[in-house]
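The file work19.cif contains mmCIF, C-alpha atoms and all ligand atoms:
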```
data_protein
#
loop_
_atom_site.label_atom_id
_atom_site.label_comp_id
_atom_site.auth_asym_id
_atom_site.auth_seq_id
_atom_site.Cartn_x
_atom_site.Cartn_y
_atom_site.Cartn_z
CA MET A 222 46.63 35.33 -51.32
CA ASN A 223 46.19 37.87 -48.54
CA ASN A 224 46.41 36.25 -45.17
CA ARG A 225 45.82 38.70 -42.36
CA LEU A 226 44.23 36.58 -39.63
CA PHE A 227 41.93 37.72 -36.83
CA VAL A 228 40.90 35.34 -34.07
CA VAL A 229 37.64 36.58 -32.55
CA ILE A 230 36.77 35.48 -29.02
CA PRO A 231 33.55 36.47 -27.21
CA CYS A 232 34.23 36.76 -23.47
CA TYR A 233 31.69 36.83 -20.68
CA ASN A 234 33.13 36.73 -17.17
CA GLU A 235 36.26 35.01 -18.36
CA GLU A 236 38.87 36.61 -16.06
CA GLU A 237 40.16 33.19 -15.02
CA VAL A 238 41.06 32.01 -18.49
CA LEU A 239 42.01 35.08 -20.53
CA HIS A 240 45.72 35.18 -19.68
CA GLU A 241 46.21 31.53 -20.56
CA THR A 242 44.11 31.73 -23.73
CA VAL A 243 45.97 34.78 -25.00
CA SER A 244 49.37 33.37 -24.16
CA ARG A 245 48.66 30.11 -26.01
CA LEU A 246 47.15 31.92 -28.98
CA SER A 247 50.09 34.32 -29.18
CA LYS A 248 52.47 31.38 -29.48
CA LYS A 249 50.26 29.99 -32.22
CA MET A 250 50.30 33.36 -34.00
CA ASP A 251 54.13 33.47 -33.78
CA ALA A 252 54.31 30.04 -35.36
CA LEU A 253 51.84 30.83 -38.14
CA ILE A 254 53.66 34.05 -39.02
CA GLU A 255 56.99 32.24 -38.96
CA GLN A 256 55.67 29.68 -41.46
CA GLY A 257 54.30 32.44 -43.67
CA MET A 258 50.72 31.24 -43.15
CA ALA A 259 49.48 34.46 -41.54
CA ALA A 260 50.44 38.09 -42.01
CA LYS A 261 52.57 39.86 -39.39
CA ASN A 262 49.78 42.22 -38.40
CA SER A 263 47.39 39.38 -37.48
CA LYS A 264 45.36 39.92 -34.31
CA ILE A 265 43.49 38.32 -31.44
CA MET A 266 40.22 40.18 -30.96
CA LEU A 267 38.66 39.83 -27.52
CA VAL A 268 35.03 40.91 -27.36
CA ASN A 269 33.85 41.74 -23.88
CA ASP A 270 30.17 40.90 -23.68
CA GLY A 271 29.23 43.13 -20.74
CA SER A 272 31.10 41.02 -18.18
CA LYS A 273 30.51 41.65 -14.52
CA ASP A 274 34.05 40.71 -13.50
CA ARG A 275 37.43 42.19 -14.50
CA THR A 276 37.36 40.81 -18.05
CA TRP A 277 37.54 44.22 -19.77
CA GLU A 278 40.31 45.50 -17.45
CA ILE A 279 42.30 42.37 -18.25
CA ILE A 280 41.72 42.87 -21.98
CA LYS A 281 43.04 46.43 -21.69
CA GLU A 282 46.11 45.25 -19.77
CA LEU A 283 46.78 42.55 -22.35
CA TYR A 284 46.39 45.12 -25.12
CA GLU A 285 49.15 47.26 -23.57
CA LYS A 286 51.51 44.28 -23.24
CA ASN A 287 50.82 42.16 -26.28
CA HIS A 288 50.82 43.52 -29.83
CA TYR A 289 48.46 40.79 -31.06
CA VAL A 290 45.65 41.78 -28.70
CA THR A 291 42.79 44.05 -29.72
CA GLY A 292 39.57 44.56 -27.79
CA VAL A 293 35.92 45.35 -28.41
CA ASN A 294 33.83 46.37 -25.44
CA LEU A 295 30.08 45.95 -25.85
CA ALA A 296 27.85 48.42 -24.07
CA LYS A 297 26.07 45.57 -22.28
CA ASN A 298 25.65 41.80 -22.22
CA ARG A 299 23.96 40.66 -25.45
CA GLY A 300 24.70 36.94 -25.36
CA HIS A 301 27.26 34.78 -27.11
CA GLN A 302 25.84 34.99 -30.64
CA ASN A 303 25.55 38.77 -30.70
CA ALA A 304 28.95 39.22 -29.09
CA LEU A 305 30.45 36.96 -31.71
CA LEU A 306 28.71 38.87 -34.49
CA ALA A 307 29.99 42.18 -33.10
CA GLY A 308 33.52 40.78 -33.25
CA LEU A 309 33.11 39.31 -36.73
CA MET A 310 31.66 42.51 -38.16
CA THR A 311 34.45 44.59 -36.62
CA ALA A 312 37.18 42.18 -37.69
CA LYS A 313 35.99 41.91 -41.29
CA GLU A 314 37.05 45.51 -41.92
CA TYR A 315 40.69 44.57 -41.29
CA ALA A 316 41.12 40.85 -41.76
CA ASP A 317 41.31 38.54 -44.75
CA MET A 318 40.25 35.56 -42.65
CA VAL A 319 38.62 35.38 -39.25
CA ILE A 320 38.54 32.43 -36.88
CA SER A 321 35.95 32.43 -34.10
CA MET A 322 36.51 30.41 -30.94
CA ASP A 323 35.51 30.33 -27.28
CA ALA A 324 37.56 31.89 -24.54
CA ASP A 325 37.77 28.77 -22.41
CA LEU A 326 40.30 26.81 -24.50
CA GLN A 327 37.74 24.08 -25.23
CA ASP A 328 38.44 24.53 -28.91
CA ASP A 329 41.79 22.94 -29.73
CA ILE A 330 44.13 25.78 -30.73
CA ASP A 331 46.31 23.40 -32.72
CA ALA A 332 43.48 22.99 -35.22
CA VAL A 333 44.07 26.62 -36.28
CA ASP A 334 46.89 25.56 -38.63
CA ARG A 335 44.53 23.26 -40.52
CA PHE A 336 41.84 25.98 -40.69
CA VAL A 337 44.32 28.39 -42.24
CA LYS A 338 45.60 25.74 -44.62
CA GLU A 339 42.06 25.10 -45.89
CA TYR A 340 41.62 28.85 -46.36
CA LEU A 341 44.87 29.11 -48.30
CA ASP A 342 43.63 26.21 -50.43
CA GLY A 343 40.63 28.34 -51.35
CA ALA A 344 37.89 27.62 -48.79
CA ASP A 345 35.69 30.54 -47.73
CA ILE A 346 34.18 28.82 -44.70
CA VAL A 347 35.94 26.15 -42.66
CA TYR A 348 33.86 24.37 -40.02
CA GLY A 349 35.51 22.96 -36.93
CA VAL A 350 33.84 19.62 -36.23
CA ARG A 351 34.23 17.73 -32.97
CA SER A 352 35.62 14.27 -33.55
CA SER A 353 34.25 13.00 -30.24
CA ARG A 354 32.21 14.16 -27.30
CA ALA A 355 34.15 12.17 -24.76
CA THR A 356 34.66 15.19 -22.48
CA ASP A 357 30.95 16.02 -22.34
CA THR A 358 28.62 14.89 -19.61
CA PHE A 359 26.12 12.18 -20.51
CA PHE A 360 23.38 14.80 -20.34
CA LYS A 361 25.07 17.35 -22.62
CA LYS A 362 26.06 14.69 -25.14
CA ASN A 363 22.53 13.36 -25.50
CA THR A 364 20.70 16.67 -25.46
CA ALA A 365 23.09 17.92 -28.15
CA LEU A 366 22.48 14.81 -30.25
CA ALA A 367 18.71 15.18 -29.88
CA PHE A 368 19.00 18.82 -30.90
CA TYR A 369 20.89 18.05 -34.12
CA ARG A 370 18.38 15.30 -34.99
CA LEU A 371 15.46 17.65 -34.35
CA MET A 372 17.00 20.43 -36.42
CA GLY A 373 17.64 17.99 -39.25
CA ALA A 374 14.04 16.78 -39.09
CA LEU A 375 12.85 20.39 -39.22
CA GLY A 376 14.81 20.95 -42.39
CA VAL A 377 17.55 23.17 -40.98
CA ASP A 378 20.87 22.68 -42.71
CA MET A 379 23.38 22.43 -39.87
CA VAL A 380 26.87 20.99 -39.75
CA TYR A 381 26.84 18.01 -37.38
CA ASN A 382 28.84 18.50 -34.17
CA HIS A 383 29.99 21.94 -35.22
CA ALA A 384 29.78 24.72 -32.65
CA ASP A 385 31.07 28.21 -33.32
CA TYR A 386 34.67 27.22 -33.97
CA ARG A 387 35.13 28.16 -37.61
CA LEU A 388 37.07 30.20 -40.10
CA MET A 389 35.40 32.63 -42.47
CA SER A 390 37.01 34.59 -45.27
CA LYS A 391 36.40 38.30 -45.74
CA ARG A 392 34.13 37.39 -48.64
CA ALA A 393 32.00 35.07 -46.49
CA LEU A 394 31.76 37.71 -43.75
CA GLU A 395 30.59 40.31 -46.22
CA GLU A 396 27.82 37.92 -47.25
CA LEU A 397 26.99 37.27 -43.59
CA ALA A 398 26.61 41.03 -43.09
CA GLY A 399 23.71 40.83 -45.56
CA PHE A 400 21.71 38.68 -43.13
CA LYS A 401 19.99 41.37 -41.15
CA GLU A 402 18.04 39.24 -38.72
CA VAL A 403 17.92 40.20 -35.08
CA ASN A 404 17.16 36.62 -33.96
CA LEU A 405 20.58 35.35 -34.58
CA PHE A 406 21.46 31.68 -34.85
CA LEU A 407 24.80 31.67 -36.62
CA ARG A 408 25.07 27.87 -36.94
CA GLY A 409 21.86 27.83 -38.95
CA ILE A 410 22.60 30.94 -41.00
CA ILE A 411 26.18 30.39 -42.05
CA PRO A 412 25.45 27.19 -44.03
CA MET A 413 22.94 29.30 -46.00
CA ILE A 414 25.80 31.40 -47.34
CA GLY A 415 27.21 28.50 -49.34
CA LEU A 416 30.53 29.32 -51.08
CA LYS A 417 33.41 26.86 -50.91
CA THR A 418 33.47 25.09 -47.56
CA ALA A 419 35.71 22.62 -45.77
CA THR A 420 35.68 20.89 -42.41
CA VAL A 421 38.44 20.29 -39.90
CA GLU A 422 38.12 17.72 -37.11
CA TYR A 423 39.33 18.50 -33.63
CA VAL A 424 39.02 17.16 -30.11
CA ARG A 425 37.14 19.42 -27.75
CA ASN A 426 38.74 19.72 -24.34
CA GLU A 427 37.23 20.47 -21.00
CA ARG A 428 36.86 24.08 -19.96
CA PHE A 429 40.27 25.35 -18.82
CA ALA A 430 38.87 27.22 -15.80
CA GLY A 431 35.65 28.80 -14.62
CA GLU A 432 32.13 27.56 -15.20
CA SER A 433 30.07 27.10 -18.32
CA LYS A 434 28.18 30.26 -19.27
CA TYR A 435 25.54 28.03 -20.84
CA PRO A 436 23.45 26.60 -18.03
CA LEU A 437 20.41 24.47 -18.87
CA GLY A 438 18.04 27.44 -19.10
CA LYS A 439 20.23 29.19 -21.69
CA MET A 440 20.67 25.91 -23.59
CA ILE A 441 16.92 25.49 -23.92
CA SER A 442 16.34 29.05 -25.04
CA PHE A 443 19.24 28.68 -27.50
CA ALA A 444 17.56 25.58 -28.94
CA ILE A 445 14.16 27.32 -29.24
CA GLU A 446 15.90 30.33 -30.79
CA GLY A 447 17.63 28.06 -33.26
CA ILE A 448 14.49 26.24 -34.30
CA THR A 449 12.23 29.25 -34.63
CA SER A 450 14.90 31.32 -36.39
CA CYS A 451 15.49 28.77 -39.09
CA SER A 452 12.35 26.69 -39.57
CA VAL A 453 8.63 27.30 -39.90
CA LYS A 454 7.88 23.58 -39.82
CA PRO A 455 6.49 23.71 -36.24
CA LEU A 456 3.71 25.95 -37.57
CA ARG A 457 2.93 23.44 -40.28
CA MET A 458 2.88 20.71 -37.64
CA ILE A 459 0.30 22.65 -35.66
CA THR A 460 -1.91 22.75 -38.72
CA MET A 461 -1.54 19.01 -39.16
CA VAL A 462 -2.25 18.30 -35.49
CA GLY A 463 -5.33 20.52 -35.67
CA LEU A 464 -6.53 18.69 -38.77
CA LEU A 465 -6.00 15.25 -37.26
CA THR A 466 -7.76 16.31 -34.08
CA CYS A 467 -10.78 17.43 -36.11
CA LEU A 468 -10.90 14.13 -37.95
CA ALA A 469 -10.57 12.16 -34.73
CA SER A 470 -13.31 14.15 -33.04
CA ILE A 471 -15.65 13.61 -36.00
CA ILE A 472 -15.10 9.86 -35.69
CA TYR A 473 -15.68 10.12 -31.94
CA LEU A 474 -18.86 12.11 -32.57
CA ILE A 475 -20.24 9.23 -34.62
CA PHE A 476 -19.77 6.92 -31.64
CA VAL A 477 -21.44 9.41 -29.33
CA ILE A 478 -24.46 9.76 -31.59
CA ALA A 479 -24.68 5.99 -32.03
CA GLY A 480 -24.50 5.60 -28.26
CA TYR A 481 -27.30 8.12 -27.82
CA PHE A 482 -29.62 6.22 -30.14
CA THR A 483 -28.82 2.80 -28.72
CA GLY A 484 -29.62 4.16 -25.28
CA GLY A 485 -26.21 3.36 -23.88
CA THR A 486 -25.47 6.84 -22.57
CA MET A 487 -22.65 6.21 -20.19
CA PRO A 488 -21.56 8.38 -17.33
CA GLY A 489 -18.59 9.48 -19.41
CA TRP A 490 -17.15 11.83 -16.85
CA ALA A 491 -13.63 10.42 -17.04
CA THR A 492 -13.53 10.63 -20.82
CA MET A 493 -14.70 14.22 -20.67
CA ILE A 494 -12.07 15.30 -18.23
CA VAL A 495 -9.26 13.50 -20.05
CA LEU A 496 -10.23 15.02 -23.37
CA LEU A 497 -10.69 18.44 -21.83
CA CYS A 498 -7.29 18.44 -20.22
CA PHE A 499 -5.53 16.98 -23.23
CA PHE A 500 -6.96 19.37 -25.75
CA GLY A 501 -6.66 22.30 -23.38
CA GLY A 502 -2.96 21.57 -23.05
CA LEU A 503 -2.54 20.99 -26.75
CA GLN A 504 -4.17 24.30 -27.57
CA ILE A 505 -1.97 26.24 -25.17
CA PHE A 506 1.09 24.50 -26.59
CA CYS A 507 0.09 25.35 -30.15
CA MET A 508 -0.64 28.92 -29.22
CA GLY A 509 2.76 29.04 -27.56
CA ILE A 510 4.48 27.99 -30.77
CA ILE A 511 2.58 30.58 -32.76
CA GLY A 512 3.46 33.09 -30.07
CA GLU A 513 7.14 32.24 -30.50
CA TYR A 514 6.99 33.23 -34.14
CA ILE A 515 4.96 36.36 -33.47
CA GLY A 516 7.55 37.30 -30.87
CA LYS A 517 10.20 36.82 -33.54
CA ILE A 518 8.33 39.02 -35.99
CA TYR A 519 7.94 41.62 -33.27
CA ASN A 520 11.67 41.67 -32.67
CA GLU A 521 12.52 41.72 -36.37
CA VAL A 522 10.21 44.58 -37.37
CA LYS A 523 11.71 46.86 -34.77
CA GLN A 524 15.10 46.42 -36.45
CA ARG A 525 16.97 47.35 -33.33
CA PRO A 526 20.75 47.11 -33.50
CA ARG A 527 22.02 43.67 -32.58
CA PHE A 528 24.89 45.03 -30.56
CA ILE A 529 26.25 48.40 -29.48
CA ILE A 530 29.99 48.82 -29.26
CA GLN A 531 31.11 51.12 -26.50
CA GLU A 532 34.79 51.10 -27.36
CA THR A 533 37.24 49.42 -29.68
CA ILE A 534 40.96 49.22 -28.98
CA LEU A 535 43.01 48.28 -32.01
CA GLN A 536 46.45 49.18 -33.25
CA ASP A 537 46.75 48.65 -36.94
N1 LIG B 1 29.70 34.01 -23.84
C1 LIG B 1 29.40 35.33 -24.16
N2 LIG B 1 28.22 35.88 -23.69
C2 LIG B 1 27.32 35.17 -22.93
C3 LIG B 1 27.64 33.81 -22.64
C4 LIG B 1 28.82 33.26 -23.12
O1 LIG B 1 30.15 36.00 -24.84
O2 LIG B 1 26.31 35.73 -22.53
C5 LIG B 1 30.96 33.41 -24.34
C6 LIG B 1 31.86 32.78 -23.28
O3 LIG B 1 32.69 33.73 -22.67
C7 LIG B 1 32.64 31.75 -24.07
C8 LIG B 1 31.66 31.35 -25.16
O4 LIG B 1 30.64 32.36 -25.20
O5 LIG B 1 33.79 32.31 -24.70
C9 LIG B 1 31.02 29.99 -24.91
O6 LIG B 1 30.51 29.91 -23.58
P1 LIG B 1 30.76 28.65 -22.64
O7 LIG B 1 32.15 28.15 -22.84
O8 LIG B 1 30.42 29.06 -21.26
O9 LIG B 1 29.70 27.62 -23.20
P2 LIG B 1 29.82 26.01 -23.29
O10 LIG B 1 31.16 25.71 -23.85
O11 LIG B 1 29.66 25.53 -21.90
O12 LIG B 1 28.71 25.62 -24.20
MG MG B 2 32.90 26.39 -23.23
#
```
Write-out of the structure in structure tokens:
Amino acid sequence: MNNRLFVVIPCYNEEEVLHETVSRLSKKMDALIEQGMAAKNSKIMLVNDGSKDRTWEIIKELYEKNHYVTGVNLAKNRGHQNALLAGLMTAKEYADMVISMDADLQDDIDAVDRFVKEYLDGADIVYGVRSSRATDTFFKKNTALAFYRLMGALGVDMVYNHADYRLMSKRALEELAGFKEVNLFLRGIIPMIGLKTATVEYVRNERFAGESKYPLGKMISFAIEGITSCSVKPLRMITMVGLLTCLASIIYLIFVIAGYFTGGTMPGWATMIVLLCFFGGLQIFCMGIIGEYIGKIYNEVKQRPRFIIQETILQD
């Protein structure tokens, strides 16, 4: 079985961690090649996602010094998912298997052996699954849990506690290339590919250096992106809410009419205001959800490229 391995790493302002990440990964590559698990011309592909710091300069320096390193420089910042896709689509031209991981060493590099082993045993997609969330803050742990539950309830097939640490074979990547959507949520899309899959458990560490590039704002938009990219259930829910509201108001109307005839017309100001505010809010919320999907359609019909590569440095 062909076993040329590419490790794809999206990097956004990661100057503090790159040297360490590349040095640890290079050792891992040496070991894999030694054991005959990966081909000699395996590579580490660093994708610079329009960083504002010296990330790209460092990638170029590493490329000169280290034969494993290759680089892809995006024309501007397009976000983690698009940067990852740019790397995967570039790597699939050369590699037999591609592992994606973060730059910050949170993904345990020692799990790579088990990923490759699963691939050699015939898996096309190997999901890295976190065995515990002990290193997460209380907030991150619980918001993540709520997110998985919500996605499950909305009918999105996601692998529990799996981020973007995974291995994909060339075959799986070619299938992924067929998914043309601009609104990219890889964790929801990749399970749609199917093929033979496996999972590998690993312990996720704390960020080696630097700060998370996923502050709360980005986390929320990532969650909304994920839901609206993969599920139309929220639209169905709006319909149901609308229907229930109609029924409830008909029942209420009966009371109002009865009240009118029995002469008990009450002041009713409070009820009016409460109902007004509640339904006003509900309507705006529902319109917002519909707007989310229209926004998606708007983005999809334009079919703009998902990433633009300014430069690729790669020695075959
Ligand atoms: N990243 C990226 N573009 C962005 C934001 C993040 O390429 O706009 C990369 C980042 O460099 C890292 C990975 O995505 O390699 C995950 O980001 P981070 O570790 O900050 O997220 P967290 O682990 O806190 O969820
Ligand atoms: Mg991280």
- Task: Can you tell me which residues come within 7 Å of ligand LIG 1 (chain B) when counting all atoms listed in the file, ideally as a count of residues only?
- Result: 23
Interface rows for segment 436-537 of chain A against segment 357-372 of chain A: nearest pair, Å to one decimal, 10 Å, only C-alpha atoms, as a tab-separated table:
```
residue	atom	partner	partner_atom	distance
A:Leu437	CA	A:Lys361	CA	9.3
A:Met440	CA	A:Thr364	CA	9.4
A:Ile441	CA	A:Thr364	CA	9.7
A:Ala444	CA	A:Phe368	CA	7.2
A:Ile445	CA	A:Phe368	CA	9.9
A:Gly447	CA	A:Met372	CA	8.3
A:Ile448	CA	A:Met372	CA	6.7
A:Cys451	CA	A:Met372	CA	8.9
A:Ser452	CA	A:Met372	CA	8.4
```
- Message: If I take atom CA of Glu396 of chain A and atom CA of Leu309 of chain A, how far is one from the other in Å, to one decimal?
- Response: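 Taking atom CA of Glu396 of chain A as the start and atom CA of Leu309 of chain A as the end point, the length is 11.9 Å.
For the pair atom CA of Asp345 of chain A and atom CA of Val228 of chain A, the separation is 15.4 Å.
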- Message: Need the shell around Thr311 of chain A: protein/DNA/RNA residues with any atom at most 12 Å away, counting all atoms listed in the file. Skip same-chain ones fewer than 3 positions apart. Format as number ranges by chain?
- Response: A: 227-229, 266-268, 291-295, 304-308, 314-316, 319, 391, 394-395, 398, 528-530, 532-535
Selection above as a file: C-alpha atoms, as a compact mmCIF listing (two decimals), keeping the file's coordinate frame:
```
# COMPACT_ATOMS: atom_id res chain seq x y z
CA PHE A 227 41.93 37.72 -36.83
CA VAL A 228 40.90 35.34 -34.07
CA VAL A 229 37.64 36.58 -32.55
CA MET A 266 40.22 40.18 -30.96
CA LEU A 267 38.66 39.83 -27.52
CA VAL A 268 35.03 40.91 -27.36
CA THR A 291 42.79 44.05 -29.72
CA GLY A 292 39.57 44.56 -27.79
CA VAL A 293 35.92 45.35 -28.41
CA ASN A 294 33.83 46.37 -25.44
CA LEU A 295 30.08 45.95 -25.85
CA ALA A 304 28.95 39.22 -29.09
CA LEU A 305 30.45 36.96 -31.71
CA LEU A 306 28.71 38.87 -34.49
CA ALA A 307 29.99 42.18 -33.10
CA GLY A 308 33.52 40.78 -33.25
CA GLU A 314 37.05 45.51 -41.92
CA TYR A 315 40.69 44.57 -41.29
CA ALA A 316 41.12 40.85 -41.76
CA VAL A 319 38.62 35.38 -39.25
CA LYS A 391 36.40 38.30 -45.74
CA LEU A 394 31.76 37.71 -43.75
CA GLU A 395 30.59 40.31 -46.22
CA ALA A 398 26.61 41.03 -43.09
CA PHE A 528 24.89 45.03 -30.56
CA ILE A 529 26.25 48.40 -29.48
CA ILE A 530 29.99 48.82 -29.26
CA GLU A 532 34.79 51.10 -27.36
CA THR A 533 37.24 49.42 -29.68
CA ILE A 534 40.96 49.22 -28.98
CA LEU A 535 43.01 48.28 -32.01
```
- Task: Could you jot down the atom CA of Arg245 of chain A to atom CA of Tyr386 of chain A separation for me, Å, one decimal place?
- Result: 16.4 Å
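Nearest residue to Ala355 of chain A among A:Ile320, A:Val462, A:Val424, A:Val477 is A:Val424, counting all atoms listed in the file.
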- Residue among A:Ile265, A:Leu496, A:Val453, A:Lys313 lying closest to Leu397 of chain A, counting only C-alpha atoms: A:Lys313
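Minimum distance to ligand MG 2 (chain B) across A:Ala430, A:Val522, A:Val333, A:Leu246 (counting only C-alpha atoms and all ligand atoms) occurs at A:Ala430.
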Axis-aligned box for all listed atoms of segment 250-261 of chain A, 6 Å per side, centre and edges in Å to one decimal, as AutoDock Vina command-line options:
```
--center_x 53.2 --center_y 34.8 --center_z -38.7 --size_x 19.5 --size_y 22.2 --size_z 21.9
```
- Message: Could you check which residues have any atom within 7 Å of (22.3, 23.0, -43.6), counting all atoms listed in the file with coordinates taken straight from the file, and then list them as a list of chain:residue names?
- Response: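 Checked against the point, the hits come out as A:Val377, A:Asp378, A:Met379, A:Val380, A:Gly409, A:Pro412, A:Met413.
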- Task: Determine the nearest neighbour of Thr466 of chain A from the options A:Cys498, A:Ala296, A:Leu503, A:Ala260, counting only C-alpha atoms.
- Result: A:Leu503
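Nearest to ligand MG 2 (chain B) of all the residues A:Thr449, A:Ser442, A:Thr420, A:Thr356 is A:Thr356, based on all atoms listed in the file.
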- Dig up all the protein and nucleic acid residues within 12 Å of (18.2, 45.9, -42.8) in the file frame, using all atoms listed in the file, and format them as a list in words.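 Result, sorted by chain then residue number: Ala398, Gly399, Phe400, Lys401, Glu402, Val403, Glu521, Val522, Lys523, Gln524, Arg525, Pro526 and Arg527 of chain A.
Nearest to ligand MG 2 (chain B) of all the residues A:Lys286, A:Lys281, A:Arg387, A:Arg425 is A:Arg425, based on all atoms listed in the file.
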- Find the residues near Leu253 of chain A: any atom within 12 Å, counting all atoms listed in the file, skip ones fewer than 2 places away on the same chain, and give them as a PyMOL selection string. chain A and resi 224-226+246-251+255-264+330-338
- Item | Non-local contacts of His288 of chain A (8 Å; only C-alpha atoms; under 3 positions in same chain excluded) as a PyMOL selection string | chain A and resi 264+284-285+536
